[in-house]
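**Q** Supplied in structure tokens, the structure appears directly below.
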Amino acid sequence: MDIAAYMAEVGEQARAAATLVARSTTAVRNQALLATARALDTARTELAEANAKDLDNGRSNGLDGAMLDRLELTPERIDTMIEGLRQVASLPDPIGEITDMTYRPSGIQVGKMRVPLGVIGIIYESRPNVTVEAASLCLKSGNATILRGGSEAIHSNQAIARCLSQGLAEAGLPETAVQVVKTTDRAAVGELITMPRYVDVIVPRGGKGLIERISVTPVCR
């Protein structure tokens, strides 16, 4: 796989989707979240099978007990993901909220209004439930997102990604509004954090090494 070309395609698709998500209504975005919750509930067997592959690979690769625990998708954790989507759907729409209104000496009233950021790239490790959490918050706030989870959770994350795509499609939103990077090649991270023409914000959820790598990359500042 040509990683640079693949990531450029992902970025281009996310940028196009971001415009449509930002213009969507609260009802449509909530519909996508609830449809994803239903898709996860229906796909419990698929999720368990995908997660079992990741756990088997993790044991073969010497992951310790704590890492394996973070990686595991138990029925209770799937329940939590589903409930989390429903809770996010029930939250007030943050888009368009106006705060801190003040009058200037000229008589003009000035304030702050919340608007979508655009495309958010999120890099994280281990916990596949983060895929749902990150996607749901980005979607609720009218943003497209590119998610790069840890290589140890690749099968689980791709199974979750299929549920997210189904939820988006049911709501009439582009499936590319949420994209989970399909390769475990670390070069994908390098591409993701150096695509300012496509990605507006990078959120690192990982160890010290990941945060340091992003903080010293000039285009991410």
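A note on labels: chains of the structure tokens are A, B, ... as shown, every chain counts residues from 1, and ligands are counted from 1 in their shown order.
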Near stretch 38-45 of chain A, within 9 Å and counting only C-alpha atoms, which residues show up once chain neighbours fewer than 6 positions away are dropped, as a ChimeraX atom specification?
**A** /A:75,78-79,81-82,159-160,162-164,166-167
**Q** What does the file look like for those residues with C-alpha atoms, as an mmCIF file, in the first residue's frame?
**A**
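Output saved as result_6.cif:
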```cif
data_model
loop_
_atom_site.group_PDB
_atom_site.id
_atom_site.type_symbol
_atom_site.label_atom_id
_atom_site.label_comp_id
_atom_site.auth_asym_id
_atom_site.auth_seq_id
_atom_site.Cartn_x
_atom_site.Cartn_y
_atom_site.Cartn_z
ATOM 1 C CA PRO A 75 -20.451 -7.481 26.496
ATOM 2 C CA ILE A 78 -20.262 -2.928 24.220
ATOM 3 C CA ASP A 79 -23.285 -1.976 26.329
ATOM 4 C CA MET A 81 -20.506 2.104 23.966
ATOM 5 C CA ILE A 82 -24.149 1.842 22.964
ATOM 6 C CA ALA A 159 -15.571 -3.885 13.004
ATOM 7 C CA ILE A 160 -16.665 -0.782 14.900
ATOM 8 C CA ARG A 162 -18.420 -0.721 9.821
ATOM 9 C CA CYS A 163 -21.118 0.048 12.388
ATOM 10 C CA LEU A 164 -20.282 3.746 12.230
ATOM 11 C CA GLN A 166 -23.887 1.989 8.659
ATOM 12 C CA GLY A 167 -25.165 4.583 11.102
#
```
**Q** Can you list, as a compact mmCIF listing (two decimals) with N, CA and C atoms, in the first residue's frame, every protein, DNA or RNA residue that comes within 12 Å of A:Ala187 when you count only C-alpha atoms, leaving out same-chain residues fewer than 4 positions away?
**A**
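Done, and the output landed in out.txt:
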```
# COMPACT_ATOMS: atom_id res chain seq x y z
N MET A 1 0.84 -1.20 0.00
CA MET A 1 0.00 0.00 0.00
C MET A 1 0.87 1.25 0.00
N ASP A 2 0.54 2.18 -0.86
CA ASP A 2 1.19 3.48 -0.86
C ASP A 2 0.55 4.31 0.24
N ILE A 3 1.23 4.42 1.37
CA ILE A 3 0.64 5.07 2.55
C ILE A 3 0.32 6.54 2.29
N ALA A 4 1.22 7.23 1.62
CA ALA A 4 1.00 8.66 1.36
C ALA A 4 -0.25 8.86 0.50
N ALA A 5 -0.39 8.04 -0.54
CA ALA A 5 -1.55 8.16 -1.42
C ALA A 5 -2.83 7.79 -0.68
N TYR A 6 -2.75 6.73 0.12
CA TYR A 6 -3.93 6.29 0.88
C TYR A 6 -4.39 7.38 1.84
N MET A 7 -3.46 7.95 2.60
CA MET A 7 -3.83 8.96 3.58
C MET A 7 -4.32 10.24 2.91
N ARG A 148 -7.06 7.10 14.09
CA ARG A 148 -5.96 6.15 13.93
C ARG A 148 -5.74 5.47 15.28
N VAL A 181 -8.50 4.60 10.09
CA VAL A 181 -7.36 4.24 9.23
C VAL A 181 -7.21 2.72 9.19
N THR A 183 -4.73 0.83 7.93
CA THR A 183 -3.40 0.24 7.96
C THR A 183 -2.77 0.38 9.33
N GLU A 191 1.90 10.76 8.15
CA GLU A 191 1.12 11.44 7.11
C GLU A 191 -0.02 12.24 7.72
N LEU A 192 -0.70 11.64 8.70
CA LEU A 192 -1.86 12.29 9.30
C LEU A 192 -1.50 13.62 9.96
N ILE A 193 -0.35 13.67 10.61
CA ILE A 193 0.02 14.89 11.33
C ILE A 193 0.72 15.91 10.44
N THR A 194 0.83 15.60 9.16
CA THR A 194 1.44 16.55 8.22
C THR A 194 0.53 16.80 7.03
```
**Q** Extract, using only C-alpha atoms, all DNA, RNA and protein residues at most 7 Å from stretch 47-58 of chain A, discarding same-chain residues fewer than 2 positions from it, and format them as a list of chain:residue names.
**A**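 Close residues of stretch 47-58 of chain A: A:Ala43, A:Arg44, A:Thr45, A:Ser60, A:Asn61, A:Gly62, A:Leu63, A:Leu68, A:Glu72, A:Leu73, A:Glu152, A:Ala153, A:His155, A:Ser156, A:Ala159.
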**Q** Atoms to include: C-alpha atoms. Write the selected residues as an mmCIF file, in the first residue's frame.
**A**
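Final output, saved to selection.cif:
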```cif
data_model
loop_
_atom_site.group_PDB
_atom_site.id
_atom_site.type_symbol
_atom_site.label_atom_id
_atom_site.label_comp_id
_atom_site.auth_asym_id
_atom_site.auth_seq_id
_atom_site.Cartn_x
_atom_site.Cartn_y
_atom_site.Cartn_z
ATOM 1 C CA ALA A 43 -23.124 -6.683 15.421
ATOM 2 C CA ARG A 44 -22.241 -8.074 18.852
ATOM 3 C CA THR A 45 -21.085 -11.417 17.427
ATOM 4 C CA SER A 60 1.222 -13.917 20.798
ATOM 5 C CA ASN A 61 3.035 -10.580 20.762
ATOM 6 C CA GLY A 62 3.553 -10.580 24.513
ATOM 7 C CA LEU A 63 1.108 -7.889 25.614
ATOM 8 C CA LEU A 68 -5.020 -7.067 27.193
ATOM 9 C CA GLU A 72 -10.888 -6.496 25.484
ATOM 10 C CA LEU A 73 -14.435 -5.739 24.336
ATOM 11 C CA GLU A 152 -3.158 -4.034 18.485
ATOM 12 C CA ALA A 153 -6.873 -3.185 18.052
ATOM 13 C CA HIS A 155 -9.678 -5.859 13.860
ATOM 14 C CA SER A 156 -11.896 -4.477 16.623
ATOM 15 C CA ALA A 159 -15.571 -3.885 13.004
#
```
**Q** Take atom CA of A:Gln31 and atom CA of A:Arg86 and report the distance between them in Å, one decimal.
**A**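 Computing the Euclidean distance for atom CA of A:Gln31 and atom CA of A:Arg86 yields 9.9 Å.
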**Q** Which residues, written as number ranges by chain, have at least one atom at most 9 Å from A:Ala22, with only C-alpha atoms counted and residues fewer than 4 positions away on the same chain left out?
**A** A: 17-18, 95, 115-118, 139, 141-144
**Q** Write out as a CSV table (one decimal) with N, CA and C atoms, in the first residue's frame all residues of stretch 95-217 of chain A that DSSP puts in strand (DSSP E) for this structure's backbone.
**A**
```csv
chain,number,residue,atom,x,y,z
A,98,ILE,N,-24.1,30.8,21.4
A,98,ILE,CA,-23.5,32.1,21.5
A,98,ILE,C,-23.3,32.5,23.0
A,99,THR,N,-22.1,32.9,23.3
A,99,THR,CA,-21.8,33.2,24.7
A,99,THR,C,-21.0,34.5,24.8
A,100,ASP,N,-20.8,35.1,26.0
A,100,ASP,CA,-20.0,36.2,26.2
A,100,ASP,C,-20.3,37.4,25.3
A,101,MET,N,-21.6,37.7,25.2
A,101,MET,CA,-22.1,38.9,24.4
A,101,MET,C,-21.8,40.1,25.2
A,102,THR,N,-21.1,41.1,24.5
A,102,THR,CA,-20.9,42.4,25.2
A,102,THR,C,-21.0,43.5,24.1
A,103,TYR,N,-21.3,44.7,24.6
A,103,TYR,CA,-21.4,45.8,23.7
A,103,TYR,C,-20.1,46.6,23.7
A,109,GLN,N,-22.5,44.8,19.1
A,109,GLN,CA,-22.5,43.7,20.1
A,109,GLN,C,-21.6,42.6,19.6
A,110,VAL,N,-20.7,42.1,20.4
A,110,VAL,CA,-19.7,41.1,20.0
A,110,VAL,C,-19.8,39.9,21.0
A,111,GLY,N,-19.7,38.7,20.5
A,111,GLY,CA,-19.7,37.5,21.3
A,111,GLY,C,-19.0,36.4,20.6
A,112,LYS,N,-19.1,35.2,21.2
A,112,LYS,CA,-18.5,34.0,20.7
A,112,LYS,C,-19.5,33.1,20.3
A,113,MET,N,-19.4,32.5,19.1
A,113,MET,CA,-20.3,31.5,18.6
A,113,MET,C,-19.6,30.2,18.3
A,119,VAL,N,-12.1,19.1,10.1
A,119,VAL,CA,-11.7,17.7,10.2
A,119,VAL,C,-10.8,17.5,11.4
A,120,ILE,N,-11.1,16.6,12.2
A,120,ILE,CA,-10.3,16.3,13.4
A,120,ILE,C,-9.6,15.0,13.3
A,121,GLY,N,-8.3,15.0,13.4
A,121,GLY,CA,-7.5,13.7,13.4
A,121,GLY,C,-7.3,13.3,14.9
A,122,ILE,N,-7.6,12.1,15.2
A,122,ILE,CA,-7.4,11.6,16.6
A,122,ILE,C,-6.5,10.3,16.6
A,123,ILE,N,-5.4,10.4,17.3
A,123,ILE,CA,-4.5,9.2,17.4
A,123,ILE,C,-4.6,8.7,18.8
A,124,TYR,N,-4.8,7.4,18.9
A,124,TYR,CA,-5.0,6.8,20.3
A,124,TYR,C,-4.5,5.3,20.3
A,144,ALA,N,-16.1,16.2,10.8
A,144,ALA,CA,-15.6,14.9,10.3
A,144,ALA,C,-14.4,14.5,11.0
A,145,THR,N,-14.1,13.2,11.1
A,145,THR,CA,-12.9,12.8,11.8
A,145,THR,C,-12.2,11.7,11.2
A,146,ILE,N,-10.9,11.6,11.4
A,146,ILE,CA,-10.0,10.5,10.9
A,146,ILE,C,-9.4,9.9,12.2
A,147,LEU,N,-9.7,8.7,12.4
A,147,LEU,CA,-9.2,8.0,13.6
A,147,LEU,C,-8.1,7.0,13.3
A,148,ARG,N,-7.1,7.1,14.1
A,148,ARG,CA,-6.0,6.2,13.9
A,148,ARG,C,-5.7,5.5,15.3
A,178,VAL,N,-16.7,9.7,9.1
A,178,VAL,CA,-15.8,9.1,10.2
A,178,VAL,C,-15.0,8.0,9.5
A,179,GLN,N,-13.7,8.1,9.5
A,179,GLN,CA,-12.9,7.1,8.8
A,179,GLN,C,-11.9,6.6,9.8
A,180,VAL,N,-11.8,5.3,9.9
A,180,VAL,CA,-10.8,4.6,10.8
A,180,VAL,C,-9.7,4.1,9.9
A,201,VAL,N,-7.3,19.9,13.1
A,201,VAL,CA,-6.9,19.7,14.5
A,201,VAL,C,-6.4,18.2,14.7
A,202,ILE,N,-5.3,18.1,15.4
A,202,ILE,CA,-4.8,16.7,15.8
A,202,ILE,C,-4.9,16.6,17.3
A,203,VAL,N,-5.6,15.5,17.7
A,203,VAL,CA,-5.7,15.2,19.1
A,203,VAL,C,-5.0,13.9,19.4
A,204,PRO,N,-3.9,14.0,20.2
A,204,PRO,CA,-3.1,12.8,20.6
A,204,PRO,C,-3.7,12.2,21.9
A,205,ARG,N,-4.1,10.9,21.9
A,205,ARG,CA,-4.4,10.2,23.1
A,205,ARG,C,-3.5,9.0,23.3
```
